[in-house]
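Structure data (mmCIF, C-alpha atoms and all ligand atoms) from start14.cif:
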data_model
#
loop_
_atom_site.label_atom_id
_atom_site.label_comp_id
_atom_site.auth_asym_id
_atom_site.auth_seq_id
_atom_site.Cartn_x
_atom_site.Cartn_y
_atom_site.Cartn_z
CA MET A 199 -23.28 133.01 12.92
CA ALA A 200 -23.85 135.32 15.84
CA ILE A 201 -27.42 135.39 17.04
CA MET A 202 -28.82 138.78 17.78
CA PHE A 203 -31.22 138.90 20.68
CA VAL A 204 -33.03 141.98 21.93
CA ASP A 205 -34.23 142.00 25.45
CA LYS A 206 -37.52 143.90 25.29
CA LYS A 207 -37.29 145.21 28.81
CA THR A 208 -33.80 146.65 28.51
CA ASP A 209 -33.33 146.91 24.77
CA PHE A 210 -30.04 145.24 25.48
CA VAL A 211 -28.54 143.45 22.53
CA ILE A 212 -27.14 140.04 23.32
CA SER A 213 -24.83 138.78 20.69
CA ASN A 214 -23.25 135.92 22.61
CA PRO A 215 -25.05 132.48 22.58
CA THR A 216 -23.72 131.72 26.13
CA SER A 217 -25.65 134.72 27.39
CA ILE A 218 -28.82 133.24 25.92
CA LYS A 219 -28.24 130.01 27.88
CA VAL A 220 -27.72 131.99 31.11
CA LYS A 221 -30.91 133.95 30.44
CA ASP A 222 -32.75 130.72 29.68
CA MET A 223 -31.64 129.26 32.99
CA PHE A 224 -32.68 132.43 34.78
CA ASP A 225 -36.14 132.20 33.22
CA LYS A 226 -36.47 128.55 34.28
CA LYS A 227 -35.52 129.49 37.81
CA ARG A 228 -38.06 132.27 37.79
CA ILE A 229 -40.80 129.94 36.53
CA LEU A 230 -39.82 127.41 39.20
CA SER A 231 -40.01 130.06 41.94
CA VAL A 232 -43.42 131.21 40.74
CA LEU A 233 -44.56 127.57 40.67
CA CYS A 234 -43.26 127.00 44.19
CA ILE A 235 -45.11 130.04 45.50
CA PHE A 236 -48.26 128.88 43.71
CA VAL A 237 -48.04 125.36 45.20
CA TYR A 238 -47.31 126.83 48.64
CA LEU A 239 -50.35 129.13 48.43
CA LEU A 240 -52.54 126.29 47.23
CA LEU A 241 -51.40 124.07 50.09
CA PHE A 242 -51.75 126.86 52.64
CA SER A 243 -55.28 127.72 51.56
CA SER A 244 -56.38 124.09 51.52
CA LEU A 245 -54.93 123.60 55.02
CA ASN A 246 -56.87 126.66 56.17
CA LEU A 247 -59.96 125.27 54.55
CA PHE A 248 -59.39 121.98 56.36
CA ALA A 249 -58.99 123.80 59.68
CA ALA A 250 -62.14 125.81 59.05
CA GLU A 251 -64.10 122.67 58.28
CA LYS A 252 -62.84 120.62 61.20
CA LYS A 253 -65.86 119.75 63.32
CA ARG A 254 -65.59 119.82 67.08
CA THR A 255 -67.88 117.59 69.08
CA ILE A 256 -69.46 118.58 72.36
CA LEU A 257 -71.19 115.89 74.32
CA ILE A 258 -74.00 117.10 76.57
CA ASP A 259 -74.77 114.77 79.42
CA PRO A 260 -78.19 115.65 80.91
CA ALA A 261 -77.89 113.92 84.27
CA HIS A 262 -80.42 111.33 85.46
CA GLY A 263 -83.45 110.30 83.35
CA GLY A 264 -86.20 107.70 83.30
CA GLN A 265 -86.40 105.89 86.63
CA ASP A 266 -83.52 107.91 88.00
CA VAL A 267 -85.38 111.16 88.61
CA GLY A 268 -82.68 113.06 90.49
CA ILE A 269 -83.94 115.56 93.03
CA GLN A 270 -87.50 116.80 93.15
CA VAL A 271 -87.63 120.48 92.26
CA ALA A 272 -91.40 121.14 92.18
CA SER A 273 -94.51 118.99 92.68
CA SER A 274 -94.21 117.38 89.25
CA VAL A 275 -90.77 118.58 88.11
CA TYR A 276 -87.63 116.60 88.74
CA GLU A 277 -83.96 117.22 88.12
CA LYS A 278 -84.06 114.85 85.10
CA ASP A 279 -86.68 117.10 83.40
CA ILE A 280 -84.65 120.30 83.86
CA THR A 281 -81.35 118.78 82.71
CA LEU A 282 -83.05 117.36 79.59
CA ALA A 283 -84.85 120.63 78.79
CA VAL A 284 -81.59 122.61 79.02
CA ALA A 285 -79.65 120.01 76.99
CA LEU A 286 -82.23 120.07 74.18
CA LEU A 287 -82.13 123.88 74.17
CA ILE A 288 -78.31 123.90 73.95
CA LYS A 289 -78.54 121.63 70.91
CA LYS A 290 -81.09 123.96 69.34
CA GLU A 291 -78.92 127.02 70.07
CA LEU A 292 -75.93 125.44 68.34
CA ALA A 293 -77.83 123.88 65.43
CA ALA A 294 -76.65 126.55 62.98
CA GLU A 295 -72.97 126.17 63.93
CA LYS A 296 -71.33 124.32 61.05
CA ASN A 297 -68.17 123.47 62.98
CA ILE A 298 -69.78 122.26 66.17
CA GLU A 299 -71.56 118.96 66.52
CA VAL A 300 -73.75 118.54 69.59
CA VAL A 301 -74.43 115.03 70.80
CA LEU A 302 -76.78 114.36 73.70
CA ILE A 303 -76.37 111.33 75.95
CA ARG A 304 -80.16 111.18 76.01
CA ASP A 305 -82.72 113.25 74.15
CA SER A 306 -85.76 111.83 75.91
CA ASP A 307 -86.83 110.74 79.38
CA LYS A 308 -85.08 107.41 79.61
CA THR A 309 -82.88 105.64 82.12
CA VAL A 310 -79.20 105.66 81.16
CA SER A 311 -76.70 104.11 83.56
CA THR A 312 -73.32 105.65 84.25
CA GLU A 313 -71.74 102.68 82.47
CA GLU A 314 -73.86 103.27 79.34
CA ARG A 315 -72.95 106.94 79.40
CA ARG A 316 -69.27 106.08 79.66
CA LYS A 317 -69.54 103.64 76.75
CA THR A 318 -71.19 106.27 74.54
CA ILE A 319 -68.45 108.75 75.40
CA GLU A 320 -65.67 106.20 74.86
CA LYS A 321 -67.02 105.40 71.39
CA LEU A 322 -67.66 108.99 70.36
CA LYS A 323 -64.46 110.52 71.76
CA PRO A 324 -65.93 114.03 71.95
CA ASP A 325 -63.73 117.10 72.28
CA PHE A 326 -65.53 118.04 75.47
CA CYS A 327 -68.13 116.60 77.83
CA LEU A 328 -70.56 118.81 79.70
CA SER A 329 -72.62 117.17 82.45
CA ILE A 330 -75.49 119.20 83.86
CA HIS A 331 -77.25 118.74 87.19
CA VAL A 332 -79.45 120.51 89.72
CA ASN A 333 -78.05 120.88 93.22
CA ALA A 334 -79.63 120.10 96.58
CA GLY A 335 -78.77 120.19 100.22
CA PHE A 336 -77.13 122.43 102.81
CA GLY A 337 -80.58 123.28 104.21
CA HIS A 338 -82.76 125.71 102.33
CA ASN A 339 -80.35 128.63 102.33
CA ALA A 340 -77.77 127.42 99.83
CA SER A 341 -78.22 128.85 96.36
CA GLY A 342 -76.33 129.55 93.14
CA PHE A 343 -74.37 127.56 90.58
CA GLU A 344 -71.35 125.35 91.08
CA ILE A 345 -68.79 124.28 88.47
CA TYR A 346 -66.60 121.23 88.84
CA TYR A 347 -63.79 120.68 86.37
CA SER A 348 -62.09 117.36 85.74
CA ALA A 349 -59.01 116.44 87.68
CA TYR A 350 -56.88 113.51 86.57
CA ASP A 351 -54.88 110.93 88.42
CA GLU A 352 -52.09 108.47 87.53
CA GLN A 353 -54.52 105.62 86.89
CA ALA A 354 -56.31 107.68 84.26
CA ALA A 355 -54.04 106.42 81.50
CA THR A 356 -54.16 102.69 82.16
CA GLY A 357 -53.73 100.11 79.44
CA LYS A 358 -51.27 102.09 77.35
CA LYS A 359 -47.56 102.09 77.68
CA SER A 360 -46.60 105.69 78.12
CA THR A 361 -43.74 107.45 79.77
CA LYS A 362 -44.33 109.49 82.86
CA ASP A 363 -43.71 112.65 80.83
CA ASP A 364 -46.39 111.73 78.26
CA LEU A 365 -48.81 111.01 81.06
CA ARG A 366 -48.05 114.24 82.84
CA GLN A 367 -48.46 116.21 79.62
CA LEU A 368 -51.78 114.52 78.84
CA ARG A 369 -53.08 115.09 82.34
CA ASN A 370 -51.99 118.70 82.27
CA LYS A 371 -53.70 119.30 78.94
CA LEU A 372 -56.95 117.69 80.05
CA SER A 373 -56.96 119.62 83.31
CA ASN A 374 -56.09 122.89 81.55
CA ASP A 375 -58.80 122.41 78.91
CA SER A 376 -61.36 121.61 81.60
CA LEU A 377 -60.33 124.66 83.63
CA THR A 378 -60.46 126.88 80.52
CA MET A 379 -64.05 125.86 79.84
CA ALA A 380 -64.90 126.18 83.57
CA LYS A 381 -63.79 129.82 83.53
CA ILE A 382 -65.70 130.56 80.32
CA VAL A 383 -68.91 129.00 81.69
CA GLN A 384 -68.43 130.84 84.98
CA ASP A 385 -68.17 134.17 83.13
CA HIS A 386 -71.34 133.49 81.14
CA LEU A 387 -73.38 132.24 84.12
CA ASN A 388 -72.20 135.23 86.19
CA VAL A 389 -73.95 137.52 83.71
CA LEU A 390 -77.15 135.52 84.09
CA PHE A 391 -76.93 135.00 87.87
CA PRO A 392 -74.83 137.85 89.30
CA ARG A 393 -73.05 137.06 92.59
CA LYS A 394 -74.50 133.56 92.53
CA GLY A 395 -71.32 131.73 91.57
CA ARG A 396 -70.07 129.34 94.24
CA GLY A 397 -66.62 129.04 92.69
CA LEU A 398 -64.73 126.52 90.61
CA ARG A 399 -63.90 123.19 92.15
CA LYS A 400 -61.61 120.43 91.00
CA ALA A 401 -63.38 117.06 91.04
CA ASP A 402 -63.61 113.89 88.99
CA ASN A 403 -66.62 113.53 86.73
CA PRO A 404 -67.60 109.84 87.13
CA THR A 405 -69.08 109.84 83.62
CA VAL A 406 -65.67 110.40 81.99
CA ALA A 407 -63.32 108.98 84.63
CA GLY A 408 -60.27 107.49 82.89
CA LEU A 409 -61.47 108.41 79.38
CA HIS A 410 -59.13 111.35 78.72
CA ILE A 411 -61.95 113.71 77.81
CA PRO A 412 -61.92 117.23 79.26
CA SER A 413 -65.15 117.81 81.12
CA LEU A 414 -67.27 119.86 83.48
CA VAL A 415 -70.07 119.09 85.87
CA VAL A 416 -72.30 122.12 86.27
CA GLU A 417 -74.85 122.30 89.07
CA MET A 418 -77.14 124.96 87.62
CA GLY A 419 -78.76 125.97 90.91
CA PHE A 420 -80.35 124.58 94.07
CA GLY A 421 -83.67 122.79 93.74
CA THR A 422 -83.95 123.21 97.51
CA HIS A 423 -83.77 127.03 97.44
CA ALA A 424 -87.02 128.96 96.89
CA ASP A 425 -85.67 131.50 94.41
CA ASP A 426 -83.38 129.07 92.52
CA LYS A 427 -86.28 126.64 92.24
CA LYS A 428 -88.53 129.26 90.64
CA LYS A 429 -85.85 130.06 88.10
CA LEU A 430 -84.96 126.45 87.32
CA VAL A 431 -88.53 125.50 86.45
CA SER A 432 -89.06 128.61 84.32
CA SER A 433 -88.71 127.91 80.61
CA LYS A 434 -87.36 131.46 80.14
CA THR A 435 -84.47 130.82 82.57
CA GLN A 436 -83.85 127.37 81.07
CA ALA A 437 -83.49 129.04 77.66
CA ASP A 438 -81.16 131.68 79.14
CA ILE A 439 -78.99 129.00 80.76
CA ALA A 440 -78.85 127.11 77.44
CA LYS A 441 -77.80 130.32 75.65
CA ALA A 442 -75.05 130.87 78.24
CA PHE A 443 -73.78 127.32 77.70
CA ALA A 444 -74.00 127.64 73.91
CA SER A 445 -72.01 130.90 73.93
CA SER A 446 -69.44 129.28 76.23
CA ILE A 447 -69.05 126.29 73.92
CA LYS A 448 -68.62 128.56 70.89
CA LYS A 449 -65.99 130.59 72.71
CA TYR A 450 -64.14 127.47 73.89
CA PHE A 451 -63.94 126.01 70.38
CA ARG A 452 -62.94 129.31 68.74
ZN ZN B 501 -77.80 115.24 89.77
#
For the file at hand, write its structure as structure tokens.
Amino acid sequence: MAIMFVDKKTDFVISNPTSIKVKDMFDKKRILSVLCIFVYLLLFSSLNLFAAEKKRTILIDPAHGGQDVGIQVASSVYEKDITLAVALLIKKELAAEKNIEVVLIRDSDKTVSTEERRKTIEKLKPDFCLSIHVNAGFGHNASGFEIYYSAYDEQAATGKKSTKDDLRQLRNKLSNDSLTMAKIVQDHLNVLFPRKGRGLRKADNPTVAGLHIPSLVVEMGFGTHADDKKKLVSSKTQADIAKAFASSIKKYFR
């Protein structure tokens, strides 16, 4: 018995059972395609979600602390006080950022050796390490901020068997990431202290030496310069510097 089938879309009458099988297969294919697209979209959106939720960690290393006072900036203000104040303010500035975690090497006035700092960093494996200092020297005329970005050497990747190419790639990436952040910080500090930038310099940061963490050492100003000194001890300028760092960090992780 011939089966009559009316396709609603075309009003086309199919009287051959083979045609029904072909149509059936076509429908299955269509359902499969729709399913594939659905799964793809689901996967894509969950990957996006994962990317959006991925937390980046910035480690702030307020130099000195406790018995290691750093340089004296005013009668009762030392480098360790200014670096801590700015570090705490950076953390406060970034507190609302869901995708950025700020970890401080110290959040109080305590002595932390370079070795202890290194151990903390090695354990945490942050995405970036920012060490902050106050400068001194070159008489009383030198002023402004200096930025040192990490440079890497062959010994940096000891302990692991890696080809020269891997090592070169890793070193390049770390140096590039450090330089990228250096330029961002320079731009932000230039707004705050116009014509006070003393340039970018390539130098090892002893706190992260050999740890494969991109990093900067920022000397925020000269504690030995009258005008810099006034600014460095002012809580308003400290807050402005922290804002400049926070904006830089946000831009770097974007
Ligand atoms: Zn220092």
ask   = What separation in Å, quoted to one decimal, exists between CA of Lys394 (chain A) and CA of Ser274 (chain A)?
value = 25.7 Å
key: Closest of A:Ser445, A:Ser376, A:Asn403, A:Gln384 to Thr312 (chain A) - atom-to-atom distances counting all atoms listed in the file   = A:Asn403
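Going from CA of Asp266 (chain A) to CA of Thr309 (chain A) covers 6.3 Å.
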Residues within 10 Å of Ser433 (chain A), please, as a compact mmCIF listing (two decimals) with C-alpha atoms, in the frame of the given file. Count only C-alpha atoms; anything in the same chain fewer than 3 positions from it doesn't count.
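The resulting file, selection.txt, is shown below:
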# COMPACT_ATOMS: atom_id res chain seq x y z
CA ILE A 280 -84.65 120.30 83.86
CA ALA A 283 -84.85 120.63 78.79
CA VAL A 284 -81.59 122.61 79.02
CA LYS A 429 -85.85 130.06 88.10
CA LEU A 430 -84.96 126.45 87.32
CA GLN A 436 -83.85 127.37 81.07
CA ALA A 437 -83.49 129.04 77.66
CA ASP A 438 -81.16 131.68 79.14
CA ILE A 439 -78.99 129.00 80.76
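Remark: residues at most 12 Å from position (-69.5, 109.4, 72.1) in file coordinates are Thr255, Ile256, Leu257, Ile258, Asp259, Glu299, Val300, Val301, Leu302, Ile303, Arg304, Glu314, Arg315, Arg316, Lys317, Thr318, Ile319, Glu320, Lys321, Leu322, Lys323, Pro324, Asp325, Phe326, Cys327, Thr405, Val406, Leu409 and Ile411 of chain A, using all atoms listed in the file.
Between ligand ZN 501 (chain B) and the candidates A:Leu287, A:Ile235, A:Val267, A:Val332, the tightest atom-to-atom separation, counting all atoms listed in the file, involves A:Val332.
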ask   = In Å to one decimal, how far is CA of His331 (chain A) from CA of Val415 (chain A)?
value = 7.3 Å
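Between Phe420 (chain A) and the residues A:Val389, A:Ala349, A:Ser306, A:Arg396, the shortest atom-to-atom distance, using all atoms listed in the file, involves A:Arg396.
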Near ligand ZN 501 (chain B), 7 Å: chain A residue rows, closest pairs, all atoms listed in the file, as CSV:
residue,atom,partner,partner_atom,distance
A:Ala261,CA,B:ZN501,ZN,5.7
A:His262,CA,B:ZN501,ZN,6.4
A:Gly268,CA,B:ZN501,ZN,5.4
A:Ile269,CA,B:ZN501,ZN,7.0
A:Glu277,CA,B:ZN501,ZN,6.7
A:His331,CA,B:ZN501,ZN,4.4
A:Val332,CA,B:ZN501,ZN,5.5
A:Asn333,CA,B:ZN501,ZN,6.6
Restricting the output to C-alpha atoms, write the selected residues as a PDB file, keeping the file's coordinate frame.
ATOM      1  CA  ALA A 261     -77.890 113.920  84.270  1.00  0.00           C
ATOM      2  CA  HIS A 262     -80.420 111.330  85.460  1.00  0.00           C
ATOM      3  CA  GLY A 268     -82.680 113.060  90.490  1.00  0.00           C
ATOM      4  CA  ILE A 269     -83.940 115.560  93.030  1.00  0.00           C
ATOM      5  CA  GLU A 277     -83.960 117.220  88.120  1.00  0.00           C
ATOM      6  CA  HIS A 331     -77.250 118.740  87.190  1.00  0.00           C
ATOM      7  CA  VAL A 332     -79.450 120.510  89.720  1.00  0.00           C
ATOM      8  CA  ASN A 333     -78.050 120.880  93.220  1.00  0.00           C
TER       9      ASN A 333
END
